[in-house]
Amino acid sequence: MRNTRHWGLTMSDSHDELNFWRKYVFSTDHKTIGIQYGITALVFLFFGFSLMMMMRWQLAYPGQAIPIIGALLGDTFVNRGAMLPEFYNQLGAMHGTIMVFMGIVPLAVGAFGNFVVPLQIGAADMAFPRLNMMSYQAFVIGGVIMLLSFLAPGGAASSGWTSYAPLSDIATSGQTWWLIGMIFLIFSSLLGAINFIVTIIHLRAEGMTFFRLPFFVWSQLVTAFLLLLAFPALQAAAVFQLMDRLAGTSFFLPSGLVVGGEASAAVGGGSPLLWQHLFWFLAHPEVYVLILPGMGIVAEVIAINTRKPLWGYRSMVYSLVFLGFMSFCVWAHHMFLTGMGTTMSTFFQITTMIISIPSVIILSCLVISLWGGSIRFPVPMLFALAFLPMFGIGGLTGLPLGLAVPDVYLHDSYYVIGHFHYVVAPGTIFAMFAGIYHWYPKATGRAMNESLGKLHFWLSFIFMNGIFMPMMFEGMAGVSRRLFNPEVYNTGLGAHGLTVISSWSAWCLALSQLPFIYNFFASMRKKERAEENPWQATTLEWATPTPPPHGNFPSPPVVERGPYEYSVPGAASDFSPQAVKQGV
Amino acid sequence: MSAIDLPYQIEPHPVTGVTSGKLGIWLFLASEVMLFGSLFSSYVLLRVGSGMEFWPSGVEAGLNVPIGTFNTMVLIGSSVTMVMSWASLKMNKLGAFKGYFATTIFLGALFLVVKAFEYSDKFSHGVFPWVGWPEAGDPSTFYALYFTLTGLHALHVLLGILPNLWLLVFGVAMWETDRERFTGRIEIAGLYWHFVDLVWIFLFPVLYLL
Amino acid sequence: MDAAEVKAHVRVYVLVFSALAVLTIVTVAISYIHLPTPSAIAVAMAVALVKAGLVAAFFMHLASERHIIHWVLILCLAFFAFVMFLPLGTNLGIEPLWPLSR
């Protein structure tokens with residue numbers, strides 16, 4: 001074995017004999033771990049979505065008993081089937097936490113990153129397979145802690161996914177669970193990020209220079225740096241808040257705090273703003289962690305289905321790197337309402353305007369890539385195409401929020417919810433769906449059903465917009481995003497019809513996922529096998545056997561050209577694979 | 001074990017010139033820099049925000065500077081024995097390695113023991129994380145920061161000692177089978193250990209002297 | 001790095017150790033002078049930076065390390081600078097730094 005380590009292809013003789021546990025549960029194979037991440041994250045996504053569906057009931061029909069589910073929940077959550085305010089707060093906090101930290105990030109980075117990156121760069125596995133396994137395990141432990149926190153006395157965390165202090169400092173014990181769960185999730189991301197960076201720097205195949213990397217790999221590289229360097233700020237904040245909650249310190253408790261009409265017994269001297277700074281120092285880069293892998297997937301899918309190279313690949317890469325860098329110096333635009341000084345808010349408004357430039361460059365490049373292509377419309381392409389306007393709406397509606405003056409009016413309204421959900425839900429999640437439909441044939445050896453996929457796409461597209469577009473108008477009408485009962489104030493009561501539309505769209509969106517869920521499982525059992533390269537793609541992952549064996553490539557691939565050589569004049573076919581065929 | 005032998009675990013990558021493990025540990029340390037950076041940044045924010053007159057220096061707050069100095073020396077000493085243990089391996093002196101490496105672990109443990117005495121002394125004088133700075137008459141988060149920062153650092157020391165112990169007792173068997181790889185592991189353990197030392201180099205003046 | 005080189009390094013390690021020890025005593029000694037707080041902070045941080053530099057350059061071999069590691073650290077230090085910028089966020093500019101026309 002020793003002399004073969006230069007190209008890690010030789011699999012030890014024992015790999016076929018791995019038992020069930022080693023093969024599927026404690027696997028160190030990046031593909032298995034990617035699929036584990038993917039399935040776990042999809043389950044969490046659906047769970048987080050279910051939480052939101054209950055909230056939507058309360059918002060549309062305040063005070064009325066929740067049908068079916070209301071009868072099943074205990075007295076701590078509902079009163080005769082009608083939601084209690086405390087439970088509403090838990091749902092809100094946990095919906096955000098689960099979707100961001102346990103749903104999309106593990107899906108975008110853990111699942112797609114793990115499965116696709118080593119294949120696309122021509123590596124046999126991730127650089128540290130066992131760290132990879134630990135990363136997944138830490139993710140599961142963190143996720144389970146988060147879920148179990150619903151059983152804690154007083155229920156789960158209820159101070160919003162941002163856990164703003166001092167509210168979170170004095171919240172019930174669910175918040176402690178949240179912090180501990182978060183520490184595990186951060187640890188998981190840290191291990192993953194190290195692994196990705198080392199893998200991409202060290203394990204690229206021969207000839208795979210940095211500017212021959214598929215855009216998706218670039219997006220994962222930048223994302224990994226964001227995870228590596230931004231998450232520690234939340235780690236520090238979580239430690240401080242744990243101390244506040246468990247050891248009685250007052251890092252985030254100011255002097256003279258009054259809780260429920262009584263002076264707090266806490267020492268004081270702390271700063272609630274410190275939490276916000278540390279949190280957003282993480283969470284703004286986190287926004288880019290959510291969106292960059294999505295952009296990467298969309299770029300892959302668009303290049304393949306337009307049968308022409310990405311327009312402006314290099315400028316996209318530079319924009320990506322600049323985006324990653326800038327995402328560290330815009331965090332306080334989430335905090336214009338905290339009374340920060342004009343100098344600081346001016347600084348952060350300027351950086352915020354600057355950071356929109358690279359996003360626009362990337363989006364423009366993707367749109368221009370469509371020009372003159374002979375476009376195919378398989379399901380992944382539909383999702384990728386839908387990503388463009390959805391992300392566009394999400395991004396453009398963010399501009400008023402990046403300026404302090406309109407932000408003061410809009411910040412606490414549904415406009416903000418509409419804005420960032422447009423980026424993350426019809427934006428990133430559509431990109432994730434595109435990725436699932438796109439790489440499913442490679443992972444399973446079976447193609448997903450096109451008709452069901454199209455049904456899934458069109459229904460999702462309609463209802464996604466049905467949920468979030470009304471929110472923009474609600475927000476501008478002055479509906480607060482922090483109210484348990486929307487009827488409690490007169491402001492924005494006229495917009496209640498929009499709330500109802502939003503809620504029904506949410507429930508319909510859930511139903512629209514049924515074709516997908518069925519398709520996902522039923523397609524695995526199909527008899528006919530998918531081709532090795534069903535999309536006629538150039539990148540390396542399509543040069544492996546399907547599904548890729550342990551070790552991925554039968555012989556080391558040698559990369560000859562860039563990732564998007566489609567319709568090269570004079571070439572034999574309309575795609576020129578990156579690797580030379582070597583008796584594959 | 002993974003069934004796949006990946007490249008650049010032992011021999012350096014031809015372009016970057018380092019092994020995967022070394023690149024990995026430095027990335028990890030970069031993340032740690034950000035963690036302690038956030039903590040120091042928070043310290044500055046809380047201290048400036050509290051108003052300087054309510055913030056004690058370490059001596060005013062009752063920290064024992066001679067003991068702190070002693071502990072600093074202990075940790076610096078452990079750092080030098082750590083680098084000597086690596087150098088011994090490079091010179092193929094396994095015995096010297098074991099001596100130096102064991103000393104490193106001993107000094108790390110000594111640091112923790114001294115720290116524990118400092119803590120218990122504080123506790124016995126009624127100083128806890130939640131008391132702030134009793135003499136000030138105004139709340140300050142001095143002791144909260146002291147206990148959190150030193151506690152987190154002590155945790156890092158502990159998380160350095162445990163793998164080092166494993167390397168000394170069990171991991172050393174690898175010396176017989178794969179010397180280069182074992183030396184690489186000691187270097188990585190060393191990098192982490194020096195980083196822990198480096199953090200203390202800042203923590204000591206910030207908490208005890210200023 | 002071969003054995004002879006390492007031998008030369010060992011001398012350096014011992015020198016660095018002595019320097020660290022001396023600097024520790026220096027910084028403690030200075031603290032007994034009771035400088036005004038701003039200068040005390042400046043001096044203590046300067047000494048700590050020198051000590052940290054010594055540890056990083058020699059014990060952690062940064063002085064002779066490959067450039068990839070330097071690049072990782074430069075990137076990290078840039079973000080470290082951002083995070084140290086954080087306290088300013090709460091305290092700076094409640095009043096404008098430069099008065100606009102009133």
# chains A, B, ... in the order shown; residues from 1 in each chain; ligands from 1
$ interface_residues --of "chain A" --to "chain C" --cutoff "10 Å" --atoms "only C-alpha atoms" --output "list in words"
Ile201, Phe225, Leu228, Leu229, Ala230, Ala233, Ser271, Leu273, Leu274, His277, Leu278, Phe281, Phe325, Phe328, Cys329, Trp331, Ala332, Met335, Thr338, Gly339, Met340, Gly341, Thr342, Thr343, Met344, Ser345, Thr346 and Phe348 of chain A
$ write_last_selection --atoms "N, CA, C and O atoms" --output "compact mmCIF listing (two decimals), in the first residue's frame"
# COMPACT_ATOMS: atom_id res chain seq x y z
N ILE A 201 -7.08 22.83 -2.13
CA ILE A 201 -5.72 23.29 -2.42
C ILE A 201 -4.81 22.12 -2.78
O ILE A 201 -3.99 22.22 -3.69
N PHE A 225 -13.86 29.39 3.59
CA PHE A 225 -13.12 30.43 4.31
C PHE A 225 -14.07 31.25 5.18
O PHE A 225 -13.71 31.64 6.30
N LEU A 228 -14.84 29.22 8.18
CA LEU A 228 -13.66 29.07 9.05
C LEU A 228 -13.44 30.32 9.89
O LEU A 228 -13.14 30.24 11.07
N LEU A 229 -13.57 31.49 9.27
CA LEU A 229 -13.14 32.70 9.95
C LEU A 229 -14.29 33.50 10.56
O LEU A 229 -14.06 34.37 11.39
N ALA A 230 -15.53 33.24 10.16
CA ALA A 230 -16.63 34.02 10.72
C ALA A 230 -17.27 33.33 11.91
O ALA A 230 -17.65 33.98 12.87
N ALA A 233 -16.66 34.00 15.85
CA ALA A 233 -17.26 35.12 16.57
C ALA A 233 -18.51 34.66 17.30
O ALA A 233 -18.75 35.04 18.45
N SER A 271 -23.00 44.69 27.84
CA SER A 271 -23.48 45.44 26.69
C SER A 271 -24.32 44.53 25.80
O SER A 271 -23.80 43.60 25.20
N LEU A 273 -25.42 45.26 23.02
CA LEU A 273 -24.96 45.44 21.64
C LEU A 273 -23.81 44.51 21.30
O LEU A 273 -23.61 44.16 20.14
N LEU A 274 -23.03 44.14 22.32
CA LEU A 274 -21.90 43.24 22.06
C LEU A 274 -22.40 41.96 21.41
O LEU A 274 -21.80 41.45 20.46
N HIS A 277 -23.19 42.60 17.79
CA HIS A 277 -21.98 42.72 16.96
C HIS A 277 -21.38 41.35 16.68
O HIS A 277 -21.07 41.01 15.54
N LEU A 278 -21.21 40.55 17.75
CA LEU A 278 -20.59 39.24 17.54
C LEU A 278 -21.48 38.37 16.66
O LEU A 278 -21.00 37.67 15.77
N PHE A 281 -21.37 39.58 13.11
CA PHE A 281 -20.06 39.35 12.51
C PHE A 281 -20.00 37.96 11.90
O PHE A 281 -19.39 37.73 10.86
N PHE A 325 -14.66 38.43 0.79
CA PHE A 325 -13.85 39.33 1.60
C PHE A 325 -14.71 40.44 2.18
O PHE A 325 -14.66 40.73 3.37
N PHE A 328 -17.23 40.44 5.35
CA PHE A 328 -16.80 40.60 6.74
C PHE A 328 -16.89 42.04 7.22
O PHE A 328 -16.68 42.31 8.38
N CYS A 329 -17.13 42.98 6.30
CA CYS A 329 -17.15 44.37 6.81
C CYS A 329 -18.46 45.06 6.50
O CYS A 329 -18.48 46.25 6.21
N TRP A 331 -21.32 43.91 8.49
CA TRP A 331 -22.27 43.28 9.41
C TRP A 331 -23.20 44.26 10.10
O TRP A 331 -24.35 43.93 10.37
N ALA A 332 -22.73 45.48 10.36
CA ALA A 332 -23.56 46.36 11.19
C ALA A 332 -24.73 46.95 10.42
O ALA A 332 -25.52 47.69 11.00
N MET A 335 -27.87 46.46 12.03
CA MET A 335 -28.03 47.07 13.35
C MET A 335 -28.27 48.57 13.28
O MET A 335 -27.99 49.28 14.25
N THR A 338 -30.03 50.25 16.16
CA THR A 338 -29.53 50.23 17.54
C THR A 338 -29.01 51.58 17.98
O THR A 338 -28.43 51.69 19.04
N GLY A 339 -29.17 52.58 17.17
CA GLY A 339 -28.71 53.91 17.57
C GLY A 339 -27.23 54.08 17.38
O GLY A 339 -26.58 54.81 18.13
N MET A 340 -26.68 53.43 16.40
CA MET A 340 -25.24 53.61 16.19
C MET A 340 -25.00 55.00 15.60
O MET A 340 -25.89 55.61 15.00
N GLY A 341 -23.77 55.47 15.78
CA GLY A 341 -23.46 56.83 15.35
C GLY A 341 -23.49 56.98 13.84
O GLY A 341 -23.43 56.00 13.09
N THR A 342 -23.58 58.22 13.41
CA THR A 342 -23.68 58.46 11.98
C THR A 342 -22.41 58.04 11.24
O THR A 342 -22.48 57.56 10.11
N THR A 343 -21.26 58.23 11.88
CA THR A 343 -20.02 57.85 11.21
C THR A 343 -20.03 56.36 10.89
O THR A 343 -19.74 55.95 9.77
N MET A 344 -20.40 55.57 11.90
CA MET A 344 -20.40 54.13 11.70
C MET A 344 -21.46 53.74 10.68
O MET A 344 -21.21 52.91 9.81
N SER A 345 -22.63 54.34 10.79
CA SER A 345 -23.67 53.89 9.85
C SER A 345 -23.30 54.32 8.43
O SER A 345 -23.58 53.60 7.49
N THR A 346 -22.63 55.47 8.29
CA THR A 346 -22.17 55.86 6.96
C THR A 346 -21.19 54.82 6.41
O THR A 346 -21.30 54.38 5.27
N PHE A 348 -20.90 51.69 7.16
CA PHE A 348 -21.52 50.41 6.80
C PHE A 348 -22.49 50.55 5.62
O PHE A 348 -22.68 49.59 4.89
$ interface_residues --of "chain B" --to "chain A" --cutoff "6 Å" --atoms "only C-alpha atoms" --output "list of chain:residue names"
B:Ala3, B:Ile4, B:Asp5, B:Leu6, B:Pro7, B:Gly24, B:Ser31, B:Met34, B:Leu35, B:Ser38, B:Pro129, B:Trp130, B:Pro139, B:Ser140, B:Ala144
$ write_last_selection --atoms "C-alpha atoms" --output "PDB file, in the first residue's frame"
ATOM      1  CA  ALA B   3      -9.604   2.443   2.971  1.00  0.00           C
ATOM      2  CA  ILE B   4      -7.974   5.030   0.759  1.00  0.00           C
ATOM      3  CA  ASP B   5      -4.447   6.276   1.165  1.00  0.00           C
ATOM      4  CA  LEU B   6      -4.577   9.903   0.255  1.00  0.00           C
ATOM      5  CA  PRO B   7      -1.542  11.764  -1.000  1.00  0.00           C
ATOM      6  CA  GLY B  24      -5.074  21.879   8.138  1.00  0.00           C
ATOM      7  CA  SER B  31     -10.008  29.973  13.182  1.00  0.00           C
ATOM      8  CA  MET B  34     -10.598  34.654  15.207  1.00  0.00           C
ATOM      9  CA  LEU B  35     -12.092  33.058  18.318  1.00  0.00           C
ATOM     10  CA  SER B  38     -13.491  38.040  19.180  1.00  0.00           C
ATOM     11  CA  PRO B 129     -17.641  35.087  37.981  1.00  0.00           C
ATOM     12  CA  TRP B 130     -20.819  36.903  38.905  1.00  0.00           C
ATOM     13  CA  PRO B 139     -20.752  46.742  38.390  1.00  0.00           C
ATOM     14  CA  SER B 140     -17.937  45.754  36.132  1.00  0.00           C
ATOM     15  CA  ALA B 144     -16.573  37.598  34.537  1.00  0.00           C
TER      16      ALA B 144
END
$ interface_residues --of "chain C" --to "chain B" --cutoff "9 Å" --atoms "only C-alpha atoms" --output "PyMOL selection string"
chain C and resi 1-4+6-7+9-10+13-14+16-17+20-21+24-25+27-28+31-32+37+40-41+44-45+48-49+51-53+55-56+59-61+65-69+72-73+75-77+79-81+83-88+90-91
$ residues_around --residues "A:Leu452" --least-positions-apart "2" --cutoff "9 Å" --atoms "only C-alpha atoms" --output "PyMOL selection string"
chain A and resi 448-450+454-457+515-516+518-519
$ write_last_selection --atoms "N, CA, C and O atoms" --output "compact mmCIF listing (two decimals), in the first residue's frame"
# COMPACT_ATOMS: atom_id res chain seq x y z
N MET A 448 -34.19 11.00 -12.16
CA MET A 448 -35.48 11.32 -11.54
C MET A 448 -36.50 11.55 -12.64
O MET A 448 -36.16 11.94 -13.75
N ASN A 449 -37.76 11.32 -12.27
CA ASN A 449 -38.83 11.46 -13.25
C ASN A 449 -39.02 12.92 -13.65
O ASN A 449 -39.18 13.80 -12.82
N GLU A 450 -38.99 13.17 -14.97
CA GLU A 450 -39.06 14.54 -15.47
C GLU A 450 -40.43 15.17 -15.23
O GLU A 450 -40.52 16.34 -14.83
N LYS A 454 -41.20 18.46 -13.19
CA LYS A 454 -41.77 19.71 -13.71
C LYS A 454 -42.98 20.14 -12.89
O LYS A 454 -43.15 21.34 -12.59
N LEU A 455 -43.79 19.17 -12.49
CA LEU A 455 -44.92 19.50 -11.62
C LEU A 455 -44.41 20.15 -10.34
O LEU A 455 -44.90 21.20 -9.90
N HIS A 456 -43.41 19.53 -9.75
CA HIS A 456 -42.82 20.05 -8.52
C HIS A 456 -42.32 21.47 -8.74
O HIS A 456 -42.57 22.38 -7.94
N PHE A 457 -41.64 21.68 -9.87
CA PHE A 457 -41.07 23.01 -10.12
C PHE A 457 -42.15 24.06 -10.23
O PHE A 457 -42.11 25.09 -9.55
N PRO A 515 -44.81 15.58 -4.77
CA PRO A 515 -44.24 14.94 -5.97
C PRO A 515 -42.73 14.76 -5.86
O PRO A 515 -42.19 13.74 -6.29
N PHE A 516 -42.09 15.74 -5.25
CA PHE A 516 -40.64 15.64 -5.10
C PHE A 516 -40.25 14.48 -4.19
O PHE A 516 -39.39 13.66 -4.51
N TYR A 518 -41.96 11.84 -3.39
CA TYR A 518 -42.23 10.57 -4.05
C TYR A 518 -41.17 10.27 -5.11
O TYR A 518 -40.59 9.18 -5.14
N ASN A 519 -40.89 11.28 -5.92
CA ASN A 519 -39.93 11.13 -7.01
C ASN A 519 -38.56 10.73 -6.47
O ASN A 519 -37.88 9.86 -7.01
$ atom_distance --atom1 "atom CA of A:Trp218" --atom2 "atom CA of A:Gly296"
7.7 Å
$ residues_around --residues "A:Gly372" --least-positions-apart "5" --cutoff "12 Å" --atoms "only C-alpha atoms" --output "number ranges by chain"
A: 306-311, 367, 567
$ write_last_selection --atoms "C-alpha atoms" --output "PDB file, in the first residue's frame"
ATOM      1  CA  THR A 306     -27.057  26.276 -22.543  1.00  0.00           C
ATOM      2  CA  ARG A 307     -24.312  24.263 -24.261  1.00  0.00           C
ATOM      3  CA  LYS A 308     -21.947  27.223 -24.140  1.00  0.00           C
ATOM      4  CA  PRO A 309     -19.236  28.441 -21.769  1.00  0.00           C
ATOM      5  CA  LEU A 310     -20.121  30.607 -18.804  1.00  0.00           C
ATOM      6  CA  TRP A 311     -19.883  34.226 -19.828  1.00  0.00           C
ATOM      7  CA  VAL A 367     -27.997  35.999 -17.345  1.00  0.00           C
ATOM      8  CA  SER A 567     -19.744  23.872 -28.501  1.00  0.00           C
TER       9      SER A 567
END
$ residues_around --residues "A:Pro106" --least-positions-apart "4" --cutoff "9 Å" --atoms "only C-alpha atoms" --output "number ranges by chain"
A: 37-38, 40-41, 100-102, 110-112, 136, 139, 189
$ residues_around --residues "A:Gln120" --least-positions-apart "5" --cutoff "12 Å" --atoms "only C-alpha atoms" --output "PyMOL selection string"
chain A and resi 112-115+125-126+199-200+203-205+208+212-218+220+300+439+537-544+548+552-553+557+559+562-563+577-579
$ write_last_selection --atoms "N, CA and C atoms" --output "short mmCIF file (atom, residue, chain, number, x, y, z; two decimals), in the first residue's frame"
data_model
loop_
_atom_site.label_atom_id
_atom_site.label_comp_id
_atom_site.auth_asym_id
_atom_site.auth_seq_id
_atom_site.Cartn_x
_atom_site.Cartn_y
_atom_site.Cartn_z
N PHE A 112 -23.82 18.95 -0.89
CA PHE A 112 -23.29 19.16 -2.24
C PHE A 112 -21.78 19.31 -2.23
N GLY A 113 -21.28 20.07 -1.25
CA GLY A 113 -19.83 20.25 -1.18
C GLY A 113 -19.13 18.92 -1.06
N ASN A 114 -19.58 18.11 -0.10
CA ASN A 114 -18.92 16.83 0.14
C ASN A 114 -19.02 15.91 -1.04
N PHE A 115 -20.20 15.85 -1.62
CA PHE A 115 -20.37 14.88 -2.68
C PHE A 115 -19.66 15.33 -3.95
N ASP A 125 -10.84 11.35 -2.44
CA ASP A 125 -11.70 11.58 -1.28
C ASP A 125 -11.36 12.95 -0.74
N MET A 126 -11.99 13.33 0.36
CA MET A 126 -11.60 14.57 1.02
C MET A 126 -10.23 14.35 1.68
N THR A 199 -8.59 20.16 0.90
CA THR A 199 -8.88 19.30 -0.24
C THR A 199 -8.72 20.07 -1.55
N ILE A 200 -9.29 21.27 -1.58
CA ILE A 200 -9.26 22.00 -2.85
C ILE A 200 -7.84 22.48 -3.16
N LEU A 203 -5.63 18.50 -3.30
CA LEU A 203 -5.97 17.24 -3.97
C LEU A 203 -6.50 17.42 -5.38
N ARG A 204 -6.27 18.57 -5.99
CA ARG A 204 -6.72 18.73 -7.36
C ARG A 204 -5.92 17.78 -8.27
N ALA A 205 -6.62 17.28 -9.29
CA ALA A 205 -5.97 16.34 -10.20
C ALA A 205 -4.89 17.06 -11.01
N MET A 208 -5.38 20.36 -13.15
CA MET A 208 -6.54 21.12 -12.68
C MET A 208 -6.04 22.38 -11.98
N ARG A 212 -9.04 26.41 -13.84
CA ARG A 212 -9.80 25.36 -14.51
C ARG A 212 -10.81 24.74 -13.54
N LEU A 213 -10.87 25.27 -12.33
CA LEU A 213 -11.84 24.73 -11.38
C LEU A 213 -13.24 25.14 -11.81
N PRO A 214 -14.18 24.21 -11.74
CA PRO A 214 -15.57 24.61 -11.97
C PRO A 214 -15.96 25.69 -10.97
N PHE A 215 -16.88 26.55 -11.39
CA PHE A 215 -17.29 27.66 -10.53
C PHE A 215 -17.83 27.16 -9.19
N PHE A 216 -18.48 26.02 -9.22
CA PHE A 216 -19.02 25.47 -7.98
C PHE A 216 -17.92 25.23 -6.95
N VAL A 217 -16.77 24.74 -7.41
CA VAL A 217 -15.68 24.48 -6.48
C VAL A 217 -15.17 25.80 -5.90
N TRP A 218 -15.08 26.80 -6.75
CA TRP A 218 -14.70 28.13 -6.25
C TRP A 218 -15.66 28.59 -5.17
N GLN A 220 -17.42 26.86 -3.22
CA GLN A 220 -17.21 26.11 -1.97
C GLN A 220 -15.94 26.56 -1.26
N GLU A 300 -23.14 25.88 -12.75
CA GLU A 300 -22.90 24.59 -13.39
C GLU A 300 -24.06 24.21 -14.30
N TRP A 439 -27.58 16.18 -9.92
CA TRP A 439 -26.57 15.18 -9.54
C TRP A 439 -27.17 13.85 -9.11
N ALA A 537 -22.01 16.53 -19.91
CA ALA A 537 -21.30 17.60 -19.22
C ALA A 537 -19.80 17.40 -19.32
N THR A 538 -19.04 18.48 -19.10
CA THR A 538 -17.59 18.42 -19.26
C THR A 538 -16.86 18.12 -17.97
N THR A 539 -17.45 18.50 -16.83
CA THR A 539 -16.67 18.46 -15.59
C THR A 539 -16.39 17.03 -15.15
N LEU A 540 -15.41 16.91 -14.25
CA LEU A 540 -14.84 15.60 -13.96
C LEU A 540 -15.81 14.62 -13.30
N GLU A 541 -16.79 15.16 -12.52
CA GLU A 541 -17.64 14.20 -11.80
C GLU A 541 -18.38 13.30 -12.78
N TRP A 542 -18.56 13.75 -14.03
CA TRP A 542 -19.29 12.93 -15.00
C TRP A 542 -18.37 11.95 -15.71
N ALA A 543 -17.09 12.00 -15.39
CA ALA A 543 -16.16 11.06 -16.01
C ALA A 543 -15.95 9.81 -15.15
N THR A 544 -16.64 9.75 -14.00
CA THR A 544 -16.48 8.58 -13.14
C THR A 544 -17.53 7.54 -13.51
N PRO A 548 -20.22 6.58 -8.43
CA PRO A 548 -18.77 6.49 -8.32
C PRO A 548 -18.37 5.49 -7.24
N ASN A 552 -13.43 6.82 -6.25
CA ASN A 552 -13.92 7.67 -7.34
C ASN A 552 -13.45 7.34 -8.74
N PHE A 553 -12.16 7.55 -9.03
CA PHE A 553 -11.72 7.43 -10.42
C PHE A 553 -10.94 6.14 -10.61
N PRO A 557 -7.38 11.09 -13.23
CA PRO A 557 -7.71 11.92 -14.38
C PRO A 557 -6.63 12.97 -14.61
N VAL A 559 -6.28 16.63 -16.35
CA VAL A 559 -7.15 17.68 -16.87
C VAL A 559 -6.44 18.45 -17.96
N GLY A 562 -10.34 23.91 -19.60
CA GLY A 562 -11.22 24.57 -18.65
C GLY A 562 -12.52 23.82 -18.48
N PRO A 563 -13.33 24.27 -17.51
CA PRO A 563 -14.51 23.49 -17.14
C PRO A 563 -15.70 23.66 -18.07
N PRO A 577 -14.87 17.14 -22.70
CA PRO A 577 -14.64 16.88 -21.27
C PRO A 577 -13.28 17.38 -20.81
N GLN A 578 -13.23 17.76 -19.51
CA GLN A 578 -12.00 18.32 -18.96
C GLN A 578 -10.87 17.31 -18.97
N ALA A 579 -11.20 16.04 -18.70
CA ALA A 579 -10.14 15.04 -18.60
C ALA A 579 -10.03 14.26 -19.90
#
$ select_by_dssp --residues "stretch 190-309 of chain A" --states "helix (DSSP H, G or I)" --output "PyMOL selection string"
chain A and resi 190-202+210-212+215-247+272-306
$ atom_distance --atom1 "atom CA of B:Ser85" --atom2 "atom CA of B:Lys98"
7.2 Å
$ residues_around --residues "B:Gly108" --least-positions-apart "2" --cutoff "9 Å" --atoms "only C-alpha atoms" --output "NGL selection string"
:B and (74-75 or 78 or 103-106 or 110-113 or 157-158 or 160-161)
$ write_last_selection --atoms "N, CA and C atoms" --output "short mmCIF file (atom, residue, chain, number, x, y, z; two decimals), in the first residue's frame"
data_model
loop_
_atom_site.label_atom_id
_atom_site.label_comp_id
_atom_site.auth_asym_id
_atom_site.auth_seq_id
_atom_site.Cartn_x
_atom_site.Cartn_y
_atom_site.Cartn_z
N VAL B 74 6.07 28.89 33.29
CA VAL B 74 5.80 27.46 33.12
C VAL B 74 5.35 27.18 31.69
N LEU B 75 4.46 28.02 31.20
CA LEU B 75 3.92 27.76 29.87
C LEU B 75 4.97 28.01 28.79
N SER B 78 7.14 25.10 28.76
CA SER B 78 6.56 23.92 28.11
C SER B 78 6.65 24.08 26.59
N THR B 103 8.05 16.21 29.72
CA THR B 103 8.18 17.47 30.46
C THR B 103 7.12 18.46 30.01
N THR B 104 6.89 18.51 28.70
CA THR B 104 5.87 19.42 28.18
C THR B 104 4.52 19.13 28.81
N ILE B 105 4.18 17.84 28.84
CA ILE B 105 2.90 17.47 29.41
C ILE B 105 2.85 17.82 30.89
N PHE B 106 3.97 17.55 31.58
CA PHE B 106 4.04 17.84 33.01
C PHE B 106 3.85 19.34 33.25
N LEU B 110 1.09 21.26 35.27
CA LEU B 110 1.47 22.16 36.37
C LEU B 110 0.74 23.50 36.21
N PHE B 111 0.70 23.99 34.97
CA PHE B 111 0.00 25.25 34.70
C PHE B 111 -1.44 25.16 35.18
N LEU B 112 -2.08 24.03 34.85
CA LEU B 112 -3.49 23.88 35.24
C LEU B 112 -3.65 23.80 36.75
N VAL B 113 -2.69 23.11 37.39
CA VAL B 113 -2.78 22.98 38.85
C VAL B 113 -2.65 24.36 39.50
N VAL B 157 -5.65 24.33 27.06
CA VAL B 157 -4.46 23.63 27.59
C VAL B 157 -4.80 22.16 27.78
N LEU B 158 -5.97 21.92 28.41
CA LEU B 158 -6.39 20.54 28.67
C LEU B 158 -6.52 19.77 27.36
N GLY B 160 -4.94 20.24 24.81
CA GLY B 160 -3.62 19.96 24.27
C GLY B 160 -2.96 18.80 25.00
N ILE B 161 -3.16 18.77 26.33
CA ILE B 161 -2.49 17.74 27.14
C ILE B 161 -3.00 16.35 26.77
#
